[in-house]
Structures are given as structure tokens and as C-alpha cells.
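As C-alpha cells, the structure follows; a few thoughts come after it.
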Amino acid sequence: MLFFSQSDTEVILKMYIRYGSECLKRLNGCFAFAVYDAQERSLFVARDRLGIKPLLYYCDSRTFVFASEMRALVAWGIPRNIDYTSAAFYFRLNYIPAPHSIFENTRKLMPGQYIKVTASGAETRTYWVLPEPAERETDMKEAALKLRGLLSSAVERRLIADVPLGCFLSGGIDSAIITGLAAQMKPSLHTFTVSFPGLQMYDESHLAAITARKHGTQHTRVEISGAEVQDAIRNVLDVSDEPFADSSAVAMNLLSRFTRRHVTVALSGDGADELFGGYNKHAAHLRALNPPFSDRMLALASPFLSLFPESRSAAAANRVRKARKYLKGKRMRDADRYWLWCSLADETEAERLLDRKYDADQYRLTRKMYTSAIEGAGMNEILYADLRLVLPNDMLTKADKYSMCEGLEVRVPFLDHTVVEYAAPLGSPLKISSHGRKLILKEAFSDLIPAEILNSPKHGFEVPVEQWLRNELRDLLDQYTEPGYIQRQGVFNAAEIQLLVNKLHSKGPGDSPARLWAVLVFQHWWKKYID
């Protein structure tokens, strides 16, 4: 087959000509693409297996329009009628899960699916599914050896580039592993981390420096000033063409902006937490499934916990917040507990916030689609749900949108489909148990992980949103939550908004900062796209 250009996209075109939809099974990596067949007068639109790249479309009886960003569909002129079921998801989860979008009749193509559009209509098909949750019994050392080989190959594939390339480096084991493997294959590897001076609770840069020294990388530590934070916040708000309230998008945008000054492609450790049980909520689920004796003491202390302030920005107050949320979830069915621990607000709180009705049946159906595998269950069911819900709709959306707006491509070796297909069905005790989290990663890559990091607690890519709302963003928050503005807008319950604002400025703000950040993001989006 002859090639007529130097473009890598021509390879996909020629594969489609030869194999049709079967070409998707021959691709490895992230993609969202379309092919128009002039002879057949058909359109083929596909999205990668794990949902690393986005693809949105608007469809009615006469029109099919697709794009990688909502702003492109808006520019074309799609109807901008808000889908209030999507808004209900947003104020519960802080993001809108596929296939929903903020606008009616505009959908997100699900990971592992394609659409074929012909004169007779549009047909959606699934070409890849995440391996069903299982508990495949495997020897730890054997599994670790196999996993190391698969991930090493995945990193090697993602180092192929004709532009400068580097790695994101946090203080955790995921980026340490990717950096360690990449440094073995690419001498003088560049690594990048951001630092928030004076905010020790949010700063892992000292741990990242330890990993950089271990692997001899050319490391850049970027100290973020208050002015740079404000600029990044404005940028994130402007780039968000659909409400998206994971506040760590600001840190992602800052990291991407400074990384892009040196390289065009960056490898990241995204996906490892969902595959191998790295989140605090995973440890909490394991504890709820196998409650220790100390849970009895915690239950006895429960009436007194309400006497103490809750906050994400102070260590002691954050422990109180987590303890109360744990006790609330522990009493629930497994699927309900999972949904609660994925959320910033429960259904009642989200309903009180919105002054609009939504389709409760559609909400329940989508929720069931994402949680139906959690039936009594083991940890793999929890991880399976995270790989389908949290990973593509939150983590990968954040990584793609707020890096690509800076011209930086982020590649994710842990989500090579060969790695996922092997790791997902492995027995959960190889991933998380009472002995710790990500056990198989520590077994397989202990030589690449500095001892100081190997057993350090999970930190997360968090930002001081409570401090921002009380200081840098206070004027903007006041503007967007002013009672007269809220009433004219007709979306929110003004009294509920005021309760959140009052709680923000109290001694025990709890989750009000995260919920008000969601309100602020929505209001900025509303002003730009609706008002």
C-alpha cells in the first residue's frame, strides 16, 4: 500500500481502507478520529479503549456534528438547552459522566465505541470492553514479572516521538515507576513538578526531587506564585467549555504550562490508582468490607465527632471529615457506599442546590450503569467501577483538556490496553490488602521507587481551593453567588447557596469549598455560553 505523505494519520486512513472497523483492534494508544468514505457516503467516528481522548457529537434527524471540544460544537451552532439531569450529576460528582453532556442531544462517545453514520442513520457499536471484574489467582512474583514486562513495553512505545519528551513527576510511586523505566531507555530525561511554597500540605516537590536524583533526570521544580495561580484559575475557567469542577485542574494546567516550555510530550502515571487500588477511598472500602475492631470504637465516638470542625485544609479537621463520611458509608449497601464516596454531595444536597427538575429515571439508569458490577463484593468490583466512571470522566478529562490547551500532549503508559487487560482481572489481594496498597507495583518495581516514597501515605494532586475562595477568588465568588443574580438566573436555590457561603467562612467548612468551587465554575461557564 502506497503512502503519499509524512503524516502518521495517513497510517490510520490506510488501515481503515484495508480493515474497516477492525482497524481499531490493531491500534495501541489514545485516539479519537473520523473517516469519511466518499464512495459509500458514510462517516466512521471512533474513540480509544479507555477514553483518554474525548469525542463529542450532536445528533438529530437531519444532522450529525462531532468534535473533540464542546466549543467547536457551539461554534457550529448546536442548540444550547441545558440538560438538568447532567447538571444533577455535575453537582454530585463534580463532573458529567458519559454519555451525558451539559446540553440536550449532545453526547459523549463512550470509551471503546465507534459510530457509523449512513443515509439510514447513526449506529453505535462497542469494539472493546474493560475485562469484567474477576479474582484471577496468580502468584505474586510471577504476576509482578509479567506486569513489569508489559509496562516496560508500554513506556517504550510512548517514548517514540520526533519532538522533545519528558515526564511528570510527583511524590508518589506511579510517576516514580514511569520515570524510572523511561530514564533507563532515554538518557538525560527531563522531569517536571510544581511546588506551592508555604503550603506544605499540598507540596510533594521534595519527594519528587528524591526520585529525580535516584534516576539522574534533568529535573525542573516550578515554584508557583500567587499571581501565577490566579492566572491559571482564570485560564481553567475560560477553557472549561463544559462545567468541570475537579479543582486540581488548576495544578494540572500550571504543570502543563511550565512543562511545555521545555518539551512537547509528557508521560504521566495516570491510571495506576484505579488499576491497583491507590486511593484513600479504596482503603476505606476494604476496611468497610472487613471491619477491624477499632471500627467499634469509632462508632462509639460518632456522636462526638459533630462537635469538631471539618475541613480539607487542616490535617486534624480533615481526619474528622473522613471519619464521618466513612461511618455514613459503612452503613450502606456496597453500590450506595461507592456512589457516596465518589461524590461531594449526596442526592438530597444536590437536589436542594438546584431549583430545576431533572429526569430522575435517567439519573438512576446512568448511575446503575456505572455501579451495577458492585454486588457484594470484592475490591476488584470497586476498581472496575473506577476504571469506567472516575478514570475517563474525571482524571483523563482533566489530564487531556488542561494540558492540550497549553499545546502539551500527555501519554499514559499504565493505560496501554495490554497492561489493563492483564492487570484488571488479577486477584485484588495482589493490589490492595491490609498490608498496603498497590502491592504488585511495589513488588514489580521496588528497585525504581525510592525508599522514602515506597510506603509514604497517598497525597493526591490537591490544591488549596478553600484558601482561594476565601482570598483570591472571594470577589468573583461574591459576584456569582449574589442573591439577586441567583434569582434572575433561575438555576439555583438562593437560600442553599447562601448556606454554603456561610459554611465556607465558618470554623468547620467541611466540603463546602469543593461544592462552591463547582458553583463558581458553573457560573463562569453559564455567563460565557448561556447568559
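In the C-alpha cells, each chain is lettered A, B, ... as it comes, each chain's residues begin at 1, and ligands are numbered from 1 in order of appearance.
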**Report entry** Residues within 6 Å of Lys431 in chain A, only C-alpha atoms, excluding chain neighbours under 2 positions, as a PyMOL selection string
**Finding:** chain A and resi 276+428-429+438-440
Atoms to include: all heavy atoms. Write the selected residues as a PDB file, in the first residue's frame.
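Result written to out09.pdb:
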ATOM      1  N   PHE A 276      -4.840  -0.393  40.497  1.00  0.00           N
ATOM      2  CA  PHE A 276      -4.166  -1.139  41.564  1.00  0.00           C
ATOM      3  C   PHE A 276      -4.584  -0.737  42.979  1.00  0.00           C
ATOM      4  O   PHE A 276      -3.967  -1.152  43.949  1.00  0.00           O
ATOM      5  CB  PHE A 276      -2.642  -0.997  41.414  1.00  0.00           C
ATOM      6  CG  PHE A 276      -2.138  -1.499  40.092  1.00  0.00           C
ATOM      7  CD1 PHE A 276      -1.741  -0.614  39.097  1.00  0.00           C
ATOM      8  CD2 PHE A 276      -2.080  -2.854  39.818  1.00  0.00           C
ATOM      9  CE1 PHE A 276      -1.285  -1.065  37.862  1.00  0.00           C
ATOM     10  CE2 PHE A 276      -1.624  -3.329  38.598  1.00  0.00           C
ATOM     11  CZ  PHE A 276      -1.227  -2.432  37.611  1.00  0.00           C
ATOM     12  N   SER A 428      -7.529  -9.231  43.673  1.00  0.00           N
ATOM     13  CA  SER A 428      -7.363  -7.956  44.374  1.00  0.00           C
ATOM     14  C   SER A 428      -6.354  -8.011  45.523  1.00  0.00           C
ATOM     15  O   SER A 428      -5.728  -6.986  45.824  1.00  0.00           O
ATOM     16  CB  SER A 428      -8.716  -7.449  44.875  1.00  0.00           C
ATOM     17  OG  SER A 428      -9.354  -8.393  45.704  1.00  0.00           O
ATOM     18  N   PRO A 429      -6.116  -9.181  46.196  1.00  0.00           N
ATOM     19  CA  PRO A 429      -5.079  -9.177  47.228  1.00  0.00           C
ATOM     20  C   PRO A 429      -3.682  -8.863  46.692  1.00  0.00           C
ATOM     21  O   PRO A 429      -2.798  -8.480  47.462  1.00  0.00           O
ATOM     22  CB  PRO A 429      -5.139 -10.606  47.789  1.00  0.00           C
ATOM     23  CG  PRO A 429      -6.544 -11.050  47.540  1.00  0.00           C
ATOM     24  CD  PRO A 429      -6.901 -10.442  46.222  1.00  0.00           C
ATOM     25  N   LYS A 438      -1.380  -0.963  46.194  1.00  0.00           N
ATOM     26  CA  LYS A 438      -0.510  -1.111  45.018  1.00  0.00           C
ATOM     27  C   LYS A 438       0.613  -2.111  45.277  1.00  0.00           C
ATOM     28  O   LYS A 438       1.763  -1.895  44.908  1.00  0.00           O
ATOM     29  CB  LYS A 438       0.065   0.244  44.607  1.00  0.00           C
ATOM     30  CG  LYS A 438      -0.973   1.280  44.252  1.00  0.00           C
ATOM     31  CD  LYS A 438      -0.311   2.583  43.839  1.00  0.00           C
ATOM     32  CE  LYS A 438      -1.339   3.659  43.567  1.00  0.00           C
ATOM     33  NZ  LYS A 438      -0.733   4.965  43.287  1.00  0.00           N
ATOM     34  N   LEU A 439       0.269  -3.202  45.924  1.00  0.00           N
ATOM     35  CA  LEU A 439       1.275  -4.162  46.359  1.00  0.00           C
ATOM     36  C   LEU A 439       2.065  -4.728  45.191  1.00  0.00           C
ATOM     37  O   LEU A 439       3.295  -4.873  45.274  1.00  0.00           O
ATOM     38  CB  LEU A 439       0.607  -5.293  47.144  1.00  0.00           C
ATOM     39  CG  LEU A 439      -0.122  -4.860  48.430  1.00  0.00           C
ATOM     40  CD1 LEU A 439      -0.865  -6.044  49.046  1.00  0.00           C
ATOM     41  CD2 LEU A 439       0.863  -4.271  49.429  1.00  0.00           C
ATOM     42  N   ILE A 440       1.388  -5.040  44.091  1.00  0.00           N
ATOM     43  CA  ILE A 440       2.094  -5.637  42.963  1.00  0.00           C
ATOM     44  C   ILE A 440       3.034  -4.630  42.296  1.00  0.00           C
ATOM     45  O   ILE A 440       4.097  -5.011  41.796  1.00  0.00           O
ATOM     46  CB  ILE A 440       1.105  -6.228  41.931  1.00  0.00           C
ATOM     47  CG1 ILE A 440       1.863  -7.080  40.908  1.00  0.00           C
ATOM     48  CG2 ILE A 440       0.261  -5.154  41.274  1.00  0.00           C
ATOM     49  CD1 ILE A 440       0.954  -7.870  39.994  1.00  0.00           C
TER      50      ILE A 440
END
Requested in this report: Record the distance separating CA of Ser21 in chain A and CA of Val45 in chain A, expressed in Å with one decimal.
Outcome: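 So the two atoms, CA of Ser21 in chain A and CA of Val45 in chain A, lie 9.7 Å apart.
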Requested in this report: Can you pull out every residue within 6 Å of range 227-242 of chain A, counting only C-alpha atoms, but drop anything in the same chain fewer than 4 positions away, and send it as a ChimeraX atom specification?
Outcome: /A:70-71,250
Let me see the file: selected residues, N, CA and C atoms, as a PDB file, in the first residue's frame.
ATOM      1  N   MET A  70     -16.402  20.845  23.199  1.00  0.00           N
ATOM      2  CA  MET A  70     -17.752  21.400  23.140  1.00  0.00           C
ATOM      3  C   MET A  70     -17.765  22.748  22.431  1.00  0.00           C
ATOM      4  N   ARG A  71     -16.720  23.537  22.592  1.00  0.00           N
ATOM      5  CA  ARG A  71     -16.713  24.880  21.995  1.00  0.00           C
ATOM      6  C   ARG A  71     -16.835  24.812  20.465  1.00  0.00           C
ATOM      7  N   VAL A 250      -6.417  23.077  38.045  1.00  0.00           N
ATOM      8  CA  VAL A 250      -5.554  24.265  38.103  1.00  0.00           C
ATOM      9  C   VAL A 250      -4.091  23.838  38.205  1.00  0.00           C
TER      10      VAL A 250
END
Report task. May I ask which of the residues A:Val390, A:Leu13, A:Ile530, A:Leu430 is the closest one to Asp139 in chain A, counting only C-alpha atoms? Result ->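 Nearest to Asp139 in chain A: A:Leu430.
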Report task. Give me the residues within 10 Å of Lys328 in chain A as a ChimeraX atom specification, counting only C-alpha atoms and dropping any in the same chain fewer than 6 places off. Result -> /A:302,322,337,340-341
Report task. Apply DSSP to the structure's backbone, then extract all residues of range 190-234 of chain A labelled helix (DSSP H, G or I) and return them as a PyMOL selection string. Result -> chain A and resi 200-202+205-215+226-234
Requested in this report: Name the residues in contact with His206 in chain A at a cut-off of 10 Å, using only C-alpha atoms, excluding same-chain residues fewer than 6 positions from it; report them as a list in words.
Outcome: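 Contacts, with the query itself left out: Ser170, Gly171, Thr193, Ser195, Ala212 and Arg221 of chain A.
Proximity to Met404 in chain A was assessed for A:Arg107, A:Arg125, A:Arg257, A:Arg41 counting only C-alpha atoms; the smallest distance is recorded for A:Arg257.
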Query raised in the report: Restricting the calculation to only C-alpha atoms, which member of A:Ala32, A:Leu387, A:Ala245, A:Leu408 is positioned closest to Gln523 in chain A?
Result: A:Ala245
Query raised in the report: For Gly51 in chain A, which of A:Gln184, A:Asn290, A:Gln113, A:Ser225 is the closest residue, counting only C-alpha atoms?
Result: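 Residue with the minimum atom-to-atom distance to Gly51 in chain A: A:Gln113.
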Query raised in the report: Of the candidates A:Asp386, A:Asp37, A:Glu421, A:Asp361, which one gets nearest to Lys281 in chain A if we count only C-alpha atoms?
Result: A:Asp386
Mind checking which residues fall within 12 Å of Val74 in chain A, counting only C-alpha atoms, ignoring those fewer than 2 positions away in the same chain, and posting them as a JSON list (two decimals) with C-alpha atoms, in the first residue's frame?
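Below is the file that was written, result_18.json:
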[["chain", "number", "residue", "atom", "x", "y", "z"],
["A", 56, "LEU", "CA", -18.49, 14.66, 21.49],
["A", 57, "TYR", "CA", -21.31, 14.70, 18.96],
["A", 58, "TYR", "CA", -24.68, 16.29, 18.33],
["A", 65, "VAL", "CA", -21.83, 17.01, 14.11],
["A", 66, "PHE", "CA", -18.75, 15.83, 16.02],
["A", 67, "ALA", "CA", -15.70, 17.42, 17.67],
["A", 68, "SER", "CA", -13.13, 16.92, 20.39],
["A", 69, "GLU", "CA", -14.35, 20.00, 22.28],
["A", 70, "MET", "CA", -17.75, 21.40, 23.14],
["A", 71, "ARG", "CA", -16.71, 24.88, 22.00],
["A", 72, "ALA", "CA", -16.42, 23.58, 18.42],
["A", 76, "TRP", "CA", -21.20, 25.29, 14.64],
["A", 77, "GLY", "CA", -24.48, 26.30, 16.27],
["A", 78, "ILE", "CA", -25.89, 23.36, 18.23],
["A", 79, "PRO", "CA", -28.95, 24.11, 20.39],
["A", 80, "ARG", "CA", -27.78, 25.21, 23.83],
["A", 81, "ASN", "CA", -30.54, 23.81, 26.02],
["A", 102, "ILE", "CA", -24.31, 19.67, 29.66],
["A", 103, "PHE", "CA", -26.50, 20.19, 26.56],
["A", 106, "THR", "CA", -25.20, 16.40, 22.67],
["A", 241, "ASP", "CA", -16.41, 24.66, 27.78],
["A", 242, "GLU", "CA", -18.48, 22.28, 29.91],
["A", 528, "LYS", "CA", -19.84, 32.65, 28.81],
["A", 529, "TYR", "CA", -22.10, 30.17, 26.99],
["A", 530, "ILE", "CA", -25.68, 30.87, 28.10]]
